[in-house]
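J.: Contents of coords.csv (CSV, C-alpha atoms and all ligand atoms):
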```
chain,number,residue,atom,x,y,z
N,13,MET,CA,-13.4,24.5,31.9
N,14,VAL,CA,-11.0,21.6,31.3
N,15,VAL,CA,-12.2,18.3,32.7
N,16,SER,CA,-9.9,15.3,33.1
N,17,TYR,CA,-11.3,11.8,33.3
N,18,ILE,CA,-10.1,9.0,35.7
N,19,GLU,CA,-9.9,5.4,34.7
N,20,GLY,CA,-13.0,3.5,35.9
N,21,SER,CA,-15.4,6.4,35.5
N,22,PRO,CA,-18.2,5.8,33.0
N,23,LEU,CA,-17.1,8.5,30.6
N,24,PHE,CA,-13.4,7.4,30.6
N,25,PRO,CA,-13.5,5.0,27.6
N,26,GLU,CA,-14.7,7.7,25.2
N,27,ALA,CA,-12.5,10.3,26.8
N,28,PHE,CA,-9.5,8.0,26.2
N,29,ARG,CA,-10.4,7.4,22.6
N,30,ARG,CA,-10.9,11.1,22.1
N,31,ALA,CA,-7.6,12.0,23.7
N,32,MET,CA,-5.8,9.4,21.6
N,33,SER,CA,-7.4,10.8,18.5
N,34,HIS,CA,-5.5,14.0,19.2
N,35,LEU,CA,-2.2,12.2,18.7
N,36,ALA,CA,-1.5,13.1,15.1
N,37,SER,CA,0.0,10.2,13.2
N,38,GLY,CA,1.4,9.5,9.8
N,39,VAL,CA,-0.8,7.0,7.9
N,40,THR,CA,0.8,3.8,6.8
N,41,ILE,CA,-0.3,0.6,5.1
N,42,VAL,CA,1.2,-2.6,6.5
N,43,THR,CA,1.4,-5.5,4.1
N,44,THR,CA,2.5,-9.2,4.2
N,45,SER,CA,1.4,-12.5,2.8
N,46,LEU,CA,-1.0,-15.1,4.2
N,47,ASN,CA,-1.2,-18.5,2.6
N,48,GLY,CA,0.6,-17.1,-0.4
N,49,SER,CA,-1.8,-14.2,-0.9
N,50,PRO,CA,-1.2,-10.6,-0.3
N,51,VAL,CA,-2.9,-9.1,2.8
N,52,GLY,CA,-2.6,-5.6,4.3
N,53,MET,CA,-4.2,-3.0,6.5
N,54,THR,CA,-4.2,0.7,7.2
N,55,ALA,CA,-2.3,1.3,10.4
N,56,THR,CA,-1.3,4.4,12.4
N,57,ALA,CA,0.1,2.5,15.4
N,58,VAL,CA,3.6,2.6,14.0
N,59,CYS,CA,6.7,4.1,15.7
N,60,SER,CA,10.5,3.9,15.5
N,61,VAL,CA,12.3,2.0,18.3
N,62,SER,CA,16.0,2.3,17.6
N,63,ALA,CA,18.5,3.3,14.9
N,64,LYS,CA,21.2,0.8,16.0
N,65,PRO,CA,19.9,-1.8,15.3
N,66,PRO,CA,17.2,-0.3,13.0
N,67,LEU,CA,14.0,-1.4,14.7
N,68,LEU,CA,10.4,-0.2,14.4
N,69,LEU,CA,7.2,-1.2,16.2
N,70,ILE,CA,3.7,-1.9,14.8
N,71,SER,CA,0.5,-2.8,16.8
N,72,LEU,CA,-2.0,-5.0,15.0
N,73,THR,CA,-5.4,-6.2,16.1
N,74,SER,CA,-5.2,-10.0,16.9
N,75,GLY,CA,-7.1,-12.1,14.4
N,76,THR,CA,-6.9,-9.6,11.5
N,77,ARG,CA,-5.7,-11.1,8.2
N,78,THR,CA,-2.6,-8.9,8.4
N,79,ALA,CA,-1.7,-9.9,11.9
N,80,SER,CA,-2.1,-13.6,11.0
N,81,GLY,CA,0.1,-13.1,7.9
N,82,VAL,CA,2.8,-11.4,9.9
N,83,LEU,CA,2.7,-14.3,12.4
N,84,GLU,CA,2.9,-16.8,9.6
N,85,SER,CA,5.5,-15.2,7.3
N,86,GLY,CA,7.7,-13.5,9.9
N,87,THR,CA,8.0,-10.4,7.6
N,88,PHE,CA,6.0,-7.3,6.9
N,89,VAL,CA,6.3,-4.0,4.9
N,90,VAL,CA,5.3,-0.6,6.3
N,91,HIS,CA,4.4,1.9,3.6
N,92,LEU,CA,4.2,5.6,4.2
N,93,LEU,CA,1.3,7.2,2.5
N,94,ALA,CA,1.6,10.5,0.7
N,95,GLN,CA,-0.8,13.3,0.6
N,96,GLY,CA,-3.5,12.2,-1.8
N,97,GLY,CA,-3.3,8.5,-0.7
N,98,GLN,CA,-6.5,8.8,1.3
N,99,GLN,CA,-8.3,6.4,-1.0
N,100,PHE,CA,-5.7,3.7,-0.3
N,101,ALA,CA,-6.1,4.4,3.5
N,102,GLU,CA,-9.9,3.9,3.2
N,103,GLN,CA,-9.6,0.8,1.0
N,104,PHE,CA,-7.1,-0.9,3.3
N,105,ALA,CA,-9.3,-0.2,6.3
N,106,ALA,CA,-12.6,-1.3,4.8
N,107,PRO,CA,-14.0,-4.9,4.6
N,108,GLY,CA,-13.4,-6.6,1.2
N,109,ASP,CA,-10.5,-7.0,-1.2
N,110,HIS,CA,-7.8,-4.5,-0.1
N,111,PHE,CA,-5.7,-5.0,-3.3
N,112,GLU,CA,-8.3,-4.3,-5.9
N,113,CYS,CA,-6.8,-1.8,-8.5
N,114,VAL,CA,-3.7,-1.4,-6.3
N,115,SER,CA,-0.3,-1.6,-8.1
N,116,TYR,CA,2.4,-3.7,-6.3
N,117,HIS,CA,5.2,-6.1,-6.8
N,118,CYS,CA,6.2,-9.0,-4.6
N,119,HIS,CA,9.3,-8.6,-2.5
N,120,GLU,CA,11.8,-11.5,-3.2
N,121,PRO,CA,12.2,-13.9,-1.5
N,122,SER,CA,9.6,-13.1,1.1
N,123,GLY,CA,6.7,-12.6,-1.3
N,124,ALA,CA,5.4,-9.6,0.7
N,125,PRO,CA,3.6,-7.1,-1.5
N,126,VAL,CA,5.4,-3.8,-2.0
N,127,LEU,CA,3.0,-1.0,-3.0
N,128,GLU,CA,4.0,1.3,-5.9
N,129,ASP,CA,2.2,4.6,-5.2
N,130,VAL,CA,3.6,5.5,-1.8
N,131,LEU,CA,6.0,7.9,-0.2
N,132,GLY,CA,8.4,5.2,0.9
N,133,PHE,CA,8.5,1.8,2.7
N,134,PHE,CA,10.3,-0.3,5.3
N,135,PHE,CA,10.7,-4.0,4.7
N,136,CYS,CA,11.1,-5.8,8.1
N,137,SER,CA,11.6,-9.2,9.6
N,138,VAL,CA,9.9,-9.9,12.9
N,139,GLU,CA,12.4,-9.6,15.7
N,140,ARG,CA,9.9,-10.0,18.6
N,141,SER,CA,6.2,-10.2,19.1
N,142,LEU,CA,4.1,-9.6,22.2
N,143,GLU,CA,0.4,-10.1,22.8
N,144,VAL,CA,-1.1,-7.2,24.7
N,145,ALA,CA,-4.9,-7.1,25.3
N,146,ASP,CA,-6.5,-7.6,21.9
N,147,HIS,CA,-3.4,-6.5,19.9
N,148,ILE,CA,-0.1,-8.0,18.9
N,149,LEU,CA,3.0,-5.8,19.1
N,150,PHE,CA,5.6,-6.7,16.4
N,151,VAL,CA,9.1,-5.3,16.6
N,152,GLY,CA,10.5,-5.4,13.1
N,153,ARG,CA,14.1,-5.2,12.1
N,154,VAL,CA,14.3,-3.0,9.0
N,155,LEU,CA,16.2,-4.9,6.3
N,156,GLU,CA,15.4,-2.5,3.5
N,157,CYS,CA,14.0,1.0,3.3
N,158,GLU,CA,13.4,3.5,0.6
N,159,VAL,CA,12.0,7.0,0.2
N,160,LYS,CA,10.4,6.9,-3.2
N,161,ALA,CA,9.0,10.4,-3.6
N,162,ARG,CA,11.2,13.1,-2.1
N,163,GLY,CA,9.6,16.4,-1.5
N,164,HIS,CA,6.1,15.0,-1.3
N,165,ASP,CA,4.0,15.7,1.8
N,166,PRO,CA,2.7,12.8,4.0
N,167,LEU,CA,-0.9,11.9,4.7
N,168,VAL,CA,-1.7,12.6,8.4
N,169,TYR,CA,-4.5,11.3,10.6
N,170,PHE,CA,-5.8,13.6,13.4
N,171,ASP,CA,-9.1,13.9,15.3
N,172,ARG,CA,-10.7,11.1,13.2
N,173,ALA,CA,-9.9,12.8,9.8
N,174,TYR,CA,-7.2,12.7,7.2
N,175,ARG,CA,-5.2,15.9,7.1
N,176,LYS,CA,-2.5,17.8,5.3
N,177,VAL,CA,0.7,19.1,6.9
N,178,VAL,CA,1.3,22.8,6.7
N,179,PRO,CA,4.7,24.4,7.6
N,180,VAL,CA,4.5,26.3,10.9
N,181,LEU,CA,6.9,29.1,10.0
N,182,ASP,CA,9.1,30.2,7.2
N,183,ALA,CA,11.5,27.7,5.5
N,184,ALA,CA,14.6,28.7,7.5
N,185,VAL,CA,12.9,28.0,10.8
N,186,ALA,CA,11.1,25.0,9.6
N,187,SER,CA,14.4,23.3,8.7
N,188,LEU,CA,15.9,24.1,12.2
N,189,GLU,CA,17.1,20.9,13.9
N,190,PRO,CA,17.0,21.1,17.7
N,191,TRP,CA,20.0,18.9,18.0
N,192,GLY,CA,22.1,21.1,15.7
N,193,PRO,CA,24.4,24.0,16.8
N,194,PRO,CA,22.7,27.0,18.5
N,195,GLN,CA,21.2,29.5,16.0
N,196,ASP,CA,19.7,32.9,16.4
N,197,LEU,CA,16.4,32.6,14.5
N,198,GLY,CA,14.3,34.5,17.0
N,199,LEU,CA,12.9,31.5,18.7
N,200,PRO,CA,12.6,31.3,22.5
N,201,GLY,CA,15.7,29.4,23.8
N,202,TRP,CA,17.6,29.8,20.5
N,203,GLY,CA,19.0,33.3,21.1
N,204,LEU,CA,22.7,34.2,21.2
N,205,PRO,CA,24.6,33.0,24.2
N,206,VAL,CA,24.4,35.6,27.1
L,301,LIG,C1,-6.7,5.7,10.1
L,301,LIG,C2,-6.8,4.2,10.5
L,301,LIG,C3,-5.8,3.7,11.2
L,301,LIG,C4,-5.8,2.4,11.7
L,301,LIG,N1,-4.7,1.9,12.4
L,301,LIG,C5,-4.8,0.6,12.8
L,301,LIG,C6,-3.6,0.1,13.5
L,301,LIG,O1,-2.7,0.7,13.8
L,301,LIG,N2,-3.7,-1.2,13.9
L,301,LIG,C7,-4.8,-2.0,13.7
L,301,LIG,O2,-4.8,-3.2,14.1
L,301,LIG,N3,-5.9,-1.6,12.9
L,301,LIG,C8,-5.8,-0.3,12.5
L,301,LIG,N4,-6.9,0.2,11.7
L,301,LIG,C9,-8.0,-0.7,11.3
L,301,LIG,C10,-7.6,-1.7,10.2
L,301,LIG,O3,-7.1,-0.9,9.0
L,301,LIG,C11,-8.8,-2.5,9.7
L,301,LIG,O4,-9.3,-3.3,10.8
L,301,LIG,C12,-8.5,-3.5,8.5
L,301,LIG,O5,-9.7,-3.7,7.8
L,301,LIG,C13,-7.9,-4.8,8.9
L,301,LIG,O6,-7.7,-5.5,7.7
L,301,LIG,P1,-7.4,-7.1,7.7
L,301,LIG,O7,-8.4,-7.8,8.6
L,301,LIG,O8,-7.5,-7.4,6.3
L,301,LIG,O9,-6.0,-7.3,8.2
L,301,LIG,C14,-6.9,1.5,11.3
L,301,LIG,C15,-7.9,2.1,10.5
L,301,LIG,C16,-7.9,3.4,10.1
L,301,LIG,C17,-9.0,4.0,9.3
```
Before we go any further, please render this structure as structure tokens.

T.:
Amino acid sequence: MVVSYIEGSPLFPEAFRRAMSHLASGVTIVTTSLNGSPVGMTATAVCSVSAKPPLLLISLTSGTRTASGVLESGTFVVHLLAQGGQQFAEQFAAPGDHFECVSYHCHEPSGAPVLEDVLGFFFCSVERSLEVADHILFVGRVLECEVKARGHDPLVYFDRAYRKVVPVLDAAVASLEPWGPPQDLGLPGWGLPV
């Protein structure tokens, strides 16, 4: 039996957390600088906002070193983690020195740390920020982006665990873009015109 939970009921907070844990997310590390030192955290609350202008959104817990650094510097870098980057994700989410044994260079002139061993990154300047509950939403304007490792799979977080992506179907169907011209690949809704 499927049970849905209503806000205000005692079991709702855990039901909400559990439901949100079923939203699969790419795993990122957001970095910036605070008082001249690199800071950063593992973050999955990241999404695109618009292509023109190129904007993305991150949601950071207020009072974290990373949120304080983004407020101070007005810039941040979102790094996409590749499959195998789980140890970075764990290190940047744990207490302690997040940059120990991590290769990076400093972005000029912002000084924001750009990590080396990642799938790609977006360098952003803060366009807007908004405090919501115990988080700060930062809308970043993407000033620079790069995919460093083409063909590598991303690290995904789902149901409180790190996961791999696996293609659903064969390569021809997997590359199907829903906004492209109609194609007959045997999928519902994609048959030949009647
Ligand atoms: C998979 C995963 C995703 C996370 N996503 C976020 C997030 O989107 N926003 C956030 O504020 N914290 C998130 N966290 C928690 C931060 O990584 C953690 O609080 C970090 O230690 C904060 O570092 P700081 O205080 O040095 O900035 C996440 C943790 C994990 C393990």

J.: Please check which protein, DNA or RNA residues sit within 7 Å of ligand LIG 301 (chain L), counting all atoms listed in the file, and write them as an MDAnalysis selection string.

T.: chainID N and resid 39 51:58 70:73 76:79 101:102 104:107 147 169

J.: Skipping near chain neighbours, those fewer than 5 positions away, what residues fall within 12 Å of Val90 (chain N) using all atoms listed in the file, listed as a ChimeraX atom specification?

T.: /N:38-44,52-60,68-71,78,82,124-127,130-137,150-159

J.: Suppose you want the space between CA of Asp109 (chain N) and CA of Ser45 (chain N); what is it in Å?

T.: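 Straight-line distance from CA of Asp109 (chain N) to CA of Ser45 (chain N) works out to 13.7 Å.
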
J.: Draw an axis-aligned box over all listed atoms of region 67-72 of chain N, pad each side with 5 Å, and write its centre and edge lengths in Å, one decimal, as JSON.

T.:
```
{"center_x": 6.0, "center_y": -2.6, "center_z": 15.6, "size_x": 26.0, "size_y": 14.8, "size_z": 12.4}
```

J.: If I take CA of Val114 (chain N) and CA of Ile148 (chain N), how far is one from the other in Å, to one decimal?

T.: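 Between CA of Val114 (chain N) and CA of Ile148 (chain N) the gap works out to 26.3 Å.
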
J.: Need the shell around region 32-35 of chain N: protein/DNA/RNA residues with any atom at most 9 Å away, counting only C-alpha atoms. Skip same-chain ones fewer than 3 positions apart. Format as a ChimeraX atom specification?

T.: /N:27-29,169-172

J.: Write out as number ranges by chain the residues lying within 9 Å of Asp165 (chain N), counting all atoms listed in the file and excluding same-chain residues fewer than 4 positions away.

T.: N: 93-95, 131, 176-177

J.: Tell me, in Å to one decimal, how far CA of Val89 (chain N) is from CA of Leu142 (chain N).

T.: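 One can read the CA of Val89 (chain N) to CA of Leu142 (chain N) distance as 18.3 Å.
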
J.: Could you check the closest approach to Glu139 (chain N) for each of N:Ser16, N:Ser80, N:Thr87, N:Gln98 and tell me which residue wins, using only C-alpha atoms?

T.: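 For Glu139 (chain N), the nearest of the given residues is N:Thr87.
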
J.: Complete the atoms of region 170-182 of chain N to N, CA, C and O atoms and put them out as an mmCIF file, in the frame of the given file.

T.:
```cif
data_model
loop_
_atom_site.group_PDB
_atom_site.id
_atom_site.type_symbol
_atom_site.label_atom_id
_atom_site.label_comp_id
_atom_site.auth_asym_id
_atom_site.auth_seq_id
_atom_site.Cartn_x
_atom_site.Cartn_y
_atom_site.Cartn_z
ATOM 1 N N PHE N 170 -5.618 12.823 12.154
ATOM 2 C CA PHE N 170 -5.800 13.600 13.400
ATOM 3 C C PHE N 170 -7.238 13.881 13.652
ATOM 4 O O PHE N 170 -7.953 14.282 12.720
ATOM 5 N N ASP N 171 -7.691 13.670 14.885
ATOM 6 C CA ASP N 171 -9.100 13.900 15.300
ATOM 7 C C ASP N 171 -10.055 13.284 14.294
ATOM 8 O O ASP N 171 -10.987 13.903 13.800
ATOM 9 N N ARG N 172 -9.769 11.999 13.997
ATOM 10 C CA ARG N 172 -10.700 11.100 13.200
ATOM 11 C C ARG N 172 -10.844 11.643 11.764
ATOM 12 O O ARG N 172 -11.880 11.416 11.141
ATOM 13 N N ALA N 173 -9.846 12.356 11.252
ATOM 14 C CA ALA N 173 -9.900 12.800 9.800
ATOM 15 C C ALA N 173 -8.533 12.813 9.227
ATOM 16 O O ALA N 173 -7.530 12.943 9.936
ATOM 17 N N TYR N 174 -8.491 12.648 7.907
ATOM 18 C CA TYR N 174 -7.200 12.700 7.200
ATOM 19 C C TYR N 174 -6.882 14.206 6.976
ATOM 20 O O TYR N 174 -7.752 15.014 6.673
ATOM 21 N N ARG N 175 -5.614 14.540 7.151
ATOM 22 C CA ARG N 175 -5.200 15.900 7.100
ATOM 23 C C ARG N 175 -3.949 16.124 6.261
ATOM 24 O O ARG N 175 -3.229 15.182 5.962
ATOM 25 N N LYS N 176 -3.689 17.404 5.968
ATOM 26 C CA LYS N 176 -2.500 17.800 5.300
ATOM 27 C C LYS N 176 -1.505 18.374 6.327
ATOM 28 O O LYS N 176 -1.950 18.926 7.335
ATOM 29 N N VAL N 177 -0.190 18.328 6.063
ATOM 30 C CA VAL N 177 0.700 19.100 6.900
ATOM 31 C C VAL N 177 0.957 20.442 6.299
ATOM 32 O O VAL N 177 0.991 20.588 5.078
ATOM 33 N N VAL N 178 1.084 21.415 7.173
ATOM 34 C CA VAL N 178 1.300 22.800 6.700
ATOM 35 C C VAL N 178 2.528 23.306 7.509
ATOM 36 O O VAL N 178 2.566 23.169 8.737
ATOM 37 N N PRO N 179 3.545 23.874 6.839
ATOM 38 C CA PRO N 179 4.700 24.400 7.600
ATOM 39 C C PRO N 179 4.247 25.439 8.603
ATOM 40 O O PRO N 179 3.372 26.262 8.317
ATOM 41 N N VAL N 180 4.849 25.403 9.801
ATOM 42 C CA VAL N 180 4.500 26.300 10.900
ATOM 43 C C VAL N 180 4.973 27.720 10.604
ATOM 44 O O VAL N 180 4.260 28.698 10.744
ATOM 45 N N LEU N 181 6.258 27.788 10.208
ATOM 46 C CA LEU N 181 6.900 29.100 10.000
ATOM 47 C C LEU N 181 7.566 29.140 8.681
ATOM 48 O O LEU N 181 7.330 28.291 7.825
ATOM 49 N N ASP N 182 8.435 30.134 8.477
ATOM 50 C CA ASP N 182 9.100 30.200 7.200
ATOM 51 C C ASP N 182 10.124 29.079 7.042
ATOM 52 O O ASP N 182 10.461 28.388 7.994
#
```
